[in-house]
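Working notes, beginning with the structure itself.
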Amino acid sequence: MVPIGNYLFLSLALFIIGVIGVLTRRNVIVILMSIELILNAVNINLVAFSRHWANVDGQIFTLFIITDAAAEAAVGLGIIIAFFKNRETVLADEMDLLKW
Amino acid sequence: MSALLEFLKTYMWPLIFAVVIVAVLPLLAGYVVLMERKIMADMQARLGPMRVGPHGLLQPIADALKLLIKEDIIPENADKVVFWFAPVISVTAAMLAYSALAIGPFFQIAELNIGLLFIVAVSSMGIFGIILGGWASNSHYSLLGALRSTAQMISYETAAGLALVGGVLLAGSLSTREIVQAQHGGTWYVFVAPIGFFLYLVASIAETNRAPFDLPEAESELVAGYMTEYSGFRWAVYFLAEYANMIVVASIATTLFLGGWLRPFQGTPWMDFLDFFPPLCFLAVAGYCFYRTPKQPEPIQSMVMALFGGLCLLLAAAMALPFVPAFAASKPGLHGAFWFLLKVSLYIYSFMWIRFTFPRFRFDQLMKLGWYFMIPLSIVNVLGLGVYRVLRQLQWSRWPAFVLTTGGTLLVAIWLVWNAQKKAAAPSSVGDMTEAEG
Amino acid sequence: MTPAQISQYAFYFFAALAVVGAIGTVTVRNVVHSAIFLITSLLATAGIFLTLGAQFVFAVQIVLYVGGIMVLFIFVIMLVNLDVALHQMQFKRRWWVAGLLALALGGQFGAVIYYSRAGGVLEIPAARTGALSPQNVQQFGLALFEKYALPFEIASVLLLVALIGAVVMTKKRV
């Protein structure tokens, strides 16, 4: 049995890499993908605790998070396509229509 | 060292099966191609390949050798790593699916709790081979083919998945073995859920990118679609993946709808003479081979023909083995594999028949069929099968329940078709889906 | 090798793969390569679910995440022409501030996890009695449709909303 701490450290590593991706990359698609990484890290935590406490609830929350990720990806990518059609760019710091 | 030995001892049979499948599948795919060419020739009143070996029996081997020694071309500005890796993804996904399929009660690599879901999951990854290959080739035809393929697969995977859900609902299990055993004694699910079977048939043709849904590689529009820039052995790997995928979907349909390895009429005692069918079938093929042997034009072809006849005799002997009392235990395994492969061949034959019969769809027609007909109907189908199950639990007999649910689903199907025709008659704007191509 | 040992080795293998994939996702310049790295990471995570005995989540991860969401991502990447983006600056200008902040956050979380080890200050209580049944799908289904039936329905409404939102968003005139 791998102790639960190892799973938590793995999840932490993925989470931090995802956060760094969200904060530093300019391309919105990569930012969205980094968010998927973060959600994935949360999933690992949930399933690890589900086994640790011998309770299937954690796995069910994983399902909800994956559903959420699907919804988020659909809407997010829709926004990206709409924006690309209008402004011909996918860089986050050029999306400044609300600034003046 | 001892740990390794112990590992090998524990997992001996799965490992052997895995090696057998990896070794046999390319050969099988090659012969499916030969079968396709022969059937196509027959339907078009031609002879098909006749030169290499008697009746073209050695054609797949010659083709494989030719493809192996062709020059390996990578287009300029192609993404080399991805270009190299994409066909491998395709073929790996196709082969992985066999790790959970049961070809007969004994011949199975791993009995999984999530069997069918696992197969669907890993075979859905084959799409990456297509998209990435199309993208990495750095060619417009390839990219367009890849985009079409993606849209098509996403649309039809839903319908295929929902059609499978119907079957799983009836069996009450996801494990391939339990699904087949649930059909033991009862009727095969194709007779309980004919509409589900039809939906899966259509969706699986679309998912394997075969005519009439072969838009991703439509040669009159896109040269060869995502495979345009591929040649030689890499192209052969893609081809292998396509045919391996065909065998996978045929195996899934066989498991779920056609009773897997079960013999037809298992519950009817007077039909037990069907037990003699496997050896007699091979015996008949062997007899035909020996009959044709002296008529071959070249001595070498006669030799190959005789060899092939001998092989069939050997198989007939193997199929007759269970009738020796000492080896009676081998019957389910041997005959199960025979029936399973026979049903898989019939399913693939229907694929080919459809391919040679129907003209290719237009892309917007394909999308309309997928989203306006297949997906709604497959949802209604799941609902209908759920009602069927409930009615059976309420002690209804089979026929009223069947007529009620399947009739209801059929009515919905007719309404969908009628609705679509009414819409097509009225002048309408161009659909949004055509835009996705550009 | 016993099955327990195999799953232990499998964990370390998949963990390494997941981290390498994640690092590739955020550092590689080409977006398609980035997506390929992310797929690797997600598949490795699916493997980790398998070592935890969550077979159904493993399958859902592959079907939905890898076979659905990532295909969508690659589809969109190919729809929007990114040749220009390849030659532009990859990271934001003050990326090191963000990096430091993220590392500080990671340090905090790491400390908490370190103290939660067996015998630590914040020790995670040991498993209660009872175990997860090997019939993972059945257990999962029962819990999902009995205890969590309402959240399940709400999730489906969420998906419907997202569907409509995506369609409206990508219509010709917004």
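Ligands are numbered from 1 in the order shown, residues from 1 within each chain, and chains are lettered A, B, ... in the order they appear in the structure tokens.
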Those in region 88-223 of chain B with strand (DSSP E) from DSSP, as a list in words: Ala102, Ile103, Phe107 and Gln108 of chain B
Where does chain B meet chain C within 7 Å, residue by residue, with the nearest atom pair and distance in Å to one decimal for each, counting only C-alpha atoms, listed by chain and rising number, as a tab-separated table?
```
residue	atom	partner	partner_atom	distance
B:Ala3	CA	C:Met1	CA	5.3
B:Leu4	CA	C:Met1	CA	7.0
B:Glu6	CA	C:Met1	CA	6.7
B:Phe7	CA	C:Met1	CA	5.5
B:Asn113	CA	C:Gln135	CA	6.9
B:Ile114	CA	C:Phe56	CA	6.8
B:Leu117	CA	C:Ala59	CA	6.3
B:Phe118	CA	C:Ala59	CA	5.9
B:Ala121	CA	C:Val63	CA	4.8
B:Ser124	CA	C:Gly67	CA	5.7
B:Met125	CA	C:Gly67	CA	5.8
B:Leu147	CA	C:Phe75	CA	6.7
```
Can you write out the residues you just picked, keeping N, CA and C atoms, as a short mmCIF file (atom, residue, chain, number, x, y, z; two decimals), in the first residue's frame?
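result.cif was written with the following content:
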```cif
data_model
loop_
_atom_site.label_atom_id
_atom_site.label_comp_id
_atom_site.auth_asym_id
_atom_site.auth_seq_id
_atom_site.Cartn_x
_atom_site.Cartn_y
_atom_site.Cartn_z
N ALA B 3 11.48 -13.71 -8.24
CA ALA B 3 10.29 -12.84 -8.28
C ALA B 3 9.74 -12.78 -9.70
N LEU B 4 10.69 -12.71 -10.67
CA LEU B 4 10.28 -12.65 -12.07
C LEU B 4 9.58 -13.94 -12.47
N GLU B 6 8.05 -16.02 -10.56
CA GLU B 6 6.74 -16.08 -9.92
C GLU B 6 5.72 -15.24 -10.67
N PHE B 7 6.21 -14.05 -11.10
CA PHE B 7 5.36 -13.15 -11.87
C PHE B 7 4.90 -13.83 -13.16
N ASN B 113 -14.02 -5.91 -14.38
CA ASN B 113 -15.29 -5.50 -13.83
C ASN B 113 -15.96 -4.47 -14.74
N ILE B 114 -15.12 -3.64 -15.38
CA ILE B 114 -15.65 -2.56 -16.21
C ILE B 114 -15.49 -2.87 -17.68
N LEU B 117 -16.84 -0.87 -20.75
CA LEU B 117 -16.47 0.53 -20.62
C LEU B 117 -14.99 0.71 -20.94
N PHE B 118 -14.18 -0.24 -20.48
CA PHE B 118 -12.75 -0.19 -20.76
C PHE B 118 -12.49 -0.24 -22.26
N ALA B 121 -13.43 2.93 -23.81
CA ALA B 121 -12.48 3.99 -23.43
C ALA B 121 -11.22 3.90 -24.26
N SER B 124 -11.61 4.67 -27.89
CA SER B 124 -11.88 6.07 -28.21
C SER B 124 -10.59 6.86 -28.31
N MET B 125 -9.48 6.28 -27.84
CA MET B 125 -8.22 7.02 -27.92
C MET B 125 -7.59 6.92 -29.30
N LEU B 147 -9.84 17.07 -39.22
CA LEU B 147 -10.93 17.82 -38.59
C LEU B 147 -12.27 17.13 -38.81
#
```
Which residues of chain A come within 8 Å of chain C, and for each one, what is the closest pair of atoms and their distance in Å to one decimal, counting only C-alpha atoms, sorted by chain and residue number, as a Markdown table?
```
| residue | atom | partner | partner_atom | distance |
| --- | --- | --- | --- | --- |
| A:Met1 | CA | C:Ala4 | CA | 6.5 |
| A:Val2 | CA | C:Gln8 | CA | 6.1 |
| A:Gly5 | CA | C:Arg117 | CA | 6.3 |
| A:Leu8 | CA | C:Ile113 | CA | 6.9 |
| A:Phe9 | CA | C:Gly110 | CA | 7.1 |
| A:Leu10 | CA | C:Ala15 | CA | 6.5 |
| A:Leu12 | CA | C:Gly106 | CA | 7.0 |
| A:Ala13 | CA | C:Val19 | CA | 7.0 |
| A:Leu14 | CA | C:Val19 | CA | 6.2 |
| A:Ile16 | CA | C:Gly106 | CA | 6.0 |
| A:Ile17 | CA | C:Ile23 | CA | 6.5 |
| A:Gly18 | CA | C:Ala22 | CA | 7.4 |
| A:Val19 | CA | C:Ala102 | CA | 6.4 |
| A:Ile20 | CA | C:Gly99 | CA | 5.8 |
| A:Gly21 | CA | C:Val26 | CA | 5.0 |
| A:Leu23 | CA | C:Ala98 | CA | 5.7 |
| A:Thr24 | CA | C:Trp95 | CA | 5.0 |
| A:Arg25 | CA | C:Phe91 | CA | 4.6 |
| A:Arg26 | CA | C:Phe91 | CA | 5.5 |
| A:Asn27 | CA | C:Gln90 | CA | 7.6 |
| A:Ile29 | CA | C:Ile77 | CA | 7.7 |
| A:Val30 | CA | C:Val31 | CA | 6.9 |
| A:Met33 | CA | C:Leu38 | CA | 7.4 |
| A:Ser34 | CA | C:Val26 | CA | 7.0 |
| A:Leu37 | CA | C:Ala22 | CA | 7.1 |
| A:Asn40 | CA | C:Leu42 | CA | 7.4 |
| A:Ile44 | CA | C:Phe49 | CA | 7.2 |
| A:Val47 | CA | C:Phe49 | CA | 6.9 |
| A:Ala48 | CA | C:Leu52 | CA | 6.6 |
| A:Arg51 | CA | C:Leu52 | CA | 6.5 |
| A:His52 | CA | C:Ala127 | CA | 5.6 |
| A:Trp53 | CA | C:Ala127 | CA | 4.6 |
| A:Ala54 | CA | C:Ala131 | CA | 4.8 |
| A:Asn55 | CA | C:Leu132 | CA | 6.4 |
| A:Val56 | CA | C:Phe140 | CA | 6.5 |
| A:Asp57 | CA | C:Ala143 | CA | 7.3 |
| A:Gln59 | CA | C:Val57 | CA | 6.7 |
| A:Ile60 | CA | C:Leu144 | CA | 6.6 |
| A:Thr62 | CA | C:Val57 | CA | 7.3 |
| A:Leu63 | CA | C:Val57 | CA | 7.0 |
| A:Phe64 | CA | C:Ala155 | CA | 6.9 |
| A:Ile66 | CA | C:Tyr65 | CA | 7.1 |
| A:Thr67 | CA | C:Ala155 | CA | 7.0 |
| A:Asp68 | CA | C:Ala155 | CA | 7.7 |
| A:Ala70 | CA | C:Ile69 | CA | 6.0 |
| A:Ala71 | CA | C:Ala162 | CA | 5.2 |
| A:Glu72 | CA | C:Ala162 | CA | 7.4 |
| A:Ala73 | CA | C:Ile69 | CA | 6.7 |
| A:Ala74 | CA | C:Ala166 | CA | 5.9 |
| A:Val75 | CA | C:Ala166 | CA | 4.8 |
| A:Leu77 | CA | C:Val76 | CA | 6.9 |
| A:Gly78 | CA | C:Ala166 | CA | 5.1 |
| A:Ile79 | CA | C:Met169 | CA | 6.1 |
| A:Ile81 | CA | C:Thr170 | CA | 6.6 |
| A:Ala82 | CA | C:Thr170 | CA | 5.5 |
| A:Phe84 | CA | C:Val80 | CA | 6.8 |
| A:Val90 | CA | C:Ala85 | CA | 8.0 |
| A:Leu91 | CA | C:Ala85 | CA | 8.0 |
```
Who sits within 12 Å of region 76-90 of chain B, only C-alpha atoms, same chain under 3 positions skipped, as number ranges by chain: B: 72-73, 93-97, 122-139, 142, 146, 208, 226-227, 229-231, 233-245; C: 30, 32-33, 35-37, 40
Which of region 187-363 of chain B DSSP labels helix (DSSP H, G or I), written as JSON, numbers by chain: {"B": [189, 190, 191, 192, 194, 195, 196, 197, 198, 199, 200, 201, 202, 203, 204, 205, 206, 207, 215, 216, 217, 219, 220, 221, 222, 225, 226, 227, 232, 233, 234, 235, 236, 237, 238, 239, 240, 241, 242, 243, 244, 245, 246, 247, 248, 249, 250, 251, 252, 253, 254, 255, 256, 257, 269, 270, 271, 272, 273, 274, 275, 276, 277, 278, 279, 280, 281, 282, 283, 284, 285, 286, 287, 288, 289, 290, 291, 292, 293, 294, 295, 299, 300, 301, 302, 303, 304, 305, 306, 307, 308, 309, 310, 311, 312, 313, 314, 315, 316, 317, 318, 319, 320, 321, 322, 323, 325, 326, 327, 328, 329, 330, 331, 332, 333, 334, 335, 336, 337, 338, 339, 340, 341, 342, 343, 344, 345, 346, 347, 348, 349, 350, 351, 352, 353, 354, 355, 356, 357, 363]}
Nearest to Gly76 (chain A), chosen from A:Phe49, A:Val42, A:Gly58, A:Glu36, with only C-alpha atoms counted in the distances: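 Checking each of A:Phe49, A:Val42, A:Gly58, A:Glu36 against Gly76 (chain A), counting only C-alpha atoms, the winner is A:Glu36.
Going from CA of Gly408 (chain B) over to CA of Gly172 (chain B), you cover 22.3 Å.
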Exercise: region 391-394 of chain B partners within 10 Å, only C-alpha atoms, chain neighbours under 6 positions left out, as a tab-separated table (two decimals) with N, CA and C atoms, in the first residue's frame:
```
chain	number	residue	atom	x	y	z
B	385	LEU	N	-35.63	0.26	-23.68
B	385	LEU	CA	-35.10	-0.98	-23.11
B	385	LEU	C	-35.24	-0.98	-21.59
B	400	PRO	N	-45.38	-9.35	-25.57
B	400	PRO	CA	-46.04	-8.05	-25.39
B	400	PRO	C	-45.05	-6.96	-25.02
B	401	ALA	N	-44.12	-7.29	-24.12
B	401	ALA	CA	-43.14	-6.28	-23.70
B	401	ALA	C	-42.29	-5.84	-24.88
B	402	PHE	N	-41.87	-6.82	-25.68
B	402	PHE	CA	-41.01	-6.52	-26.83
B	402	PHE	C	-41.74	-5.64	-27.83
B	404	LEU	N	-44.32	-3.73	-27.40
B	404	LEU	CA	-44.62	-2.40	-26.86
B	404	LEU	C	-43.40	-1.49	-26.95
B	405	THR	N	-42.26	-1.97	-26.43
B	405	THR	CA	-41.10	-1.07	-26.35
B	405	THR	C	-40.49	-0.84	-27.72
```
So that I can see what lies close to region 327-341 of chain B, please list as a compact mmCIF listing (two decimals) with N, CA and C atoms, in the first residue's frame the residues with an atom at most 10 Å from it, counting only C-alpha atoms and leaving out residues fewer than 4 positions away in the same chain.
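Now in around-v8.txt:
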```txt
# COMPACT_ATOMS: atom_id res chain seq x y z
N ALA B 102 -13.64 -11.18 -24.62
CA ALA B 102 -13.59 -12.63 -24.38
C ALA B 102 -13.92 -13.34 -25.68
N ILE B 103 -12.91 -14.02 -26.25
CA ILE B 103 -13.16 -14.82 -27.44
C ILE B 103 -13.33 -16.25 -26.94
N GLY B 104 -14.53 -16.61 -26.56
CA GLY B 104 -14.71 -17.91 -25.94
C GLY B 104 -14.50 -17.81 -24.45
N PRO B 105 -15.06 -18.75 -23.70
CA PRO B 105 -15.01 -18.64 -22.25
C PRO B 105 -13.60 -18.70 -21.66
N PHE B 106 -12.64 -19.28 -22.38
CA PHE B 106 -11.29 -19.37 -21.81
C PHE B 106 -10.35 -18.34 -22.38
N PHE B 107 -10.57 -17.99 -23.65
CA PHE B 107 -9.61 -17.15 -24.33
C PHE B 107 -9.90 -15.70 -24.04
N ILE B 247 -12.39 -5.03 -36.50
CA ILE B 247 -12.55 -6.29 -35.78
C ILE B 247 -13.01 -6.02 -34.35
N ALA B 250 -16.69 -5.15 -34.36
CA ALA B 250 -17.44 -6.37 -34.65
C ALA B 250 -17.47 -7.27 -33.42
N SER B 251 -16.35 -7.32 -32.69
CA SER B 251 -16.32 -8.15 -31.49
C SER B 251 -17.25 -7.61 -30.42
N THR B 254 -20.71 -8.47 -31.42
CA THR B 254 -20.94 -9.90 -31.23
C THR B 254 -21.19 -10.21 -29.76
N THR B 255 -20.35 -9.61 -28.91
CA THR B 255 -20.49 -9.89 -27.48
C THR B 255 -21.84 -9.41 -26.97
N LEU B 258 -25.00 -10.37 -30.32
CA LEU B 258 -25.11 -11.64 -31.05
C LEU B 258 -24.73 -12.85 -30.20
N GLY B 259 -24.74 -12.68 -28.89
CA GLY B 259 -24.53 -13.86 -28.04
C GLY B 259 -23.11 -14.34 -27.93
N GLY B 260 -22.13 -13.52 -28.28
CA GLY B 260 -20.74 -13.87 -28.04
C GLY B 260 -20.37 -15.24 -28.59
N TRP B 261 -19.83 -16.10 -27.72
CA TRP B 261 -19.36 -17.40 -28.18
C TRP B 261 -20.46 -18.45 -28.14
N LEU B 262 -21.69 -18.08 -27.81
CA LEU B 262 -22.75 -19.08 -27.70
C LEU B 262 -23.14 -19.61 -29.07
N ARG B 263 -23.45 -20.92 -29.10
CA ARG B 263 -23.91 -21.52 -30.34
C ARG B 263 -25.35 -21.07 -30.60
N PRO B 264 -25.76 -20.90 -31.86
CA PRO B 264 -27.17 -20.59 -32.09
C PRO B 264 -28.07 -21.73 -31.58
N ASP B 275 -23.62 -28.79 -33.20
CA ASP B 275 -22.31 -29.02 -32.61
C ASP B 275 -21.33 -29.56 -33.63
N PHE B 276 -21.86 -30.26 -34.65
CA PHE B 276 -20.97 -30.86 -35.64
C PHE B 276 -20.58 -29.85 -36.71
N PHE B 277 -21.19 -28.67 -36.65
CA PHE B 277 -20.94 -27.70 -37.70
C PHE B 277 -19.48 -27.26 -37.81
N PRO B 278 -18.80 -26.90 -36.67
CA PRO B 278 -17.42 -26.40 -36.81
C PRO B 278 -16.49 -27.36 -37.54
N PRO B 279 -16.37 -28.64 -37.13
CA PRO B 279 -15.45 -29.50 -37.88
C PRO B 279 -15.90 -29.71 -39.32
N ALA B 318 -8.90 -30.24 -34.98
CA ALA B 318 -8.94 -29.56 -33.69
C ALA B 318 -10.38 -29.36 -33.24
N MET B 319 -11.25 -29.01 -34.19
CA MET B 319 -12.66 -28.79 -33.83
C MET B 319 -13.35 -30.10 -33.49
N ALA B 320 -12.84 -31.20 -34.03
CA ALA B 320 -13.44 -32.50 -33.73
C ALA B 320 -12.94 -33.06 -32.41
N LEU B 321 -11.88 -32.45 -31.88
CA LEU B 321 -11.25 -32.95 -30.65
C LEU B 321 -12.24 -33.13 -29.50
N PRO B 322 -13.16 -32.17 -29.28
CA PRO B 322 -14.08 -32.32 -28.15
C PRO B 322 -14.95 -33.56 -28.23
N PHE B 323 -15.10 -34.17 -29.42
CA PHE B 323 -15.95 -35.37 -29.51
C PHE B 323 -15.23 -36.60 -28.99
N SER B 345 -16.98 -12.46 -38.34
CA SER B 345 -16.83 -12.40 -39.80
C SER B 345 -18.12 -11.96 -40.45
N LEU B 346 -19.25 -12.45 -39.97
CA LEU B 346 -20.52 -12.06 -40.57
C LEU B 346 -20.78 -10.57 -40.41
N TYR B 347 -20.44 -10.07 -39.22
CA TYR B 347 -20.63 -8.64 -38.97
C TYR B 347 -19.76 -7.82 -39.92
```
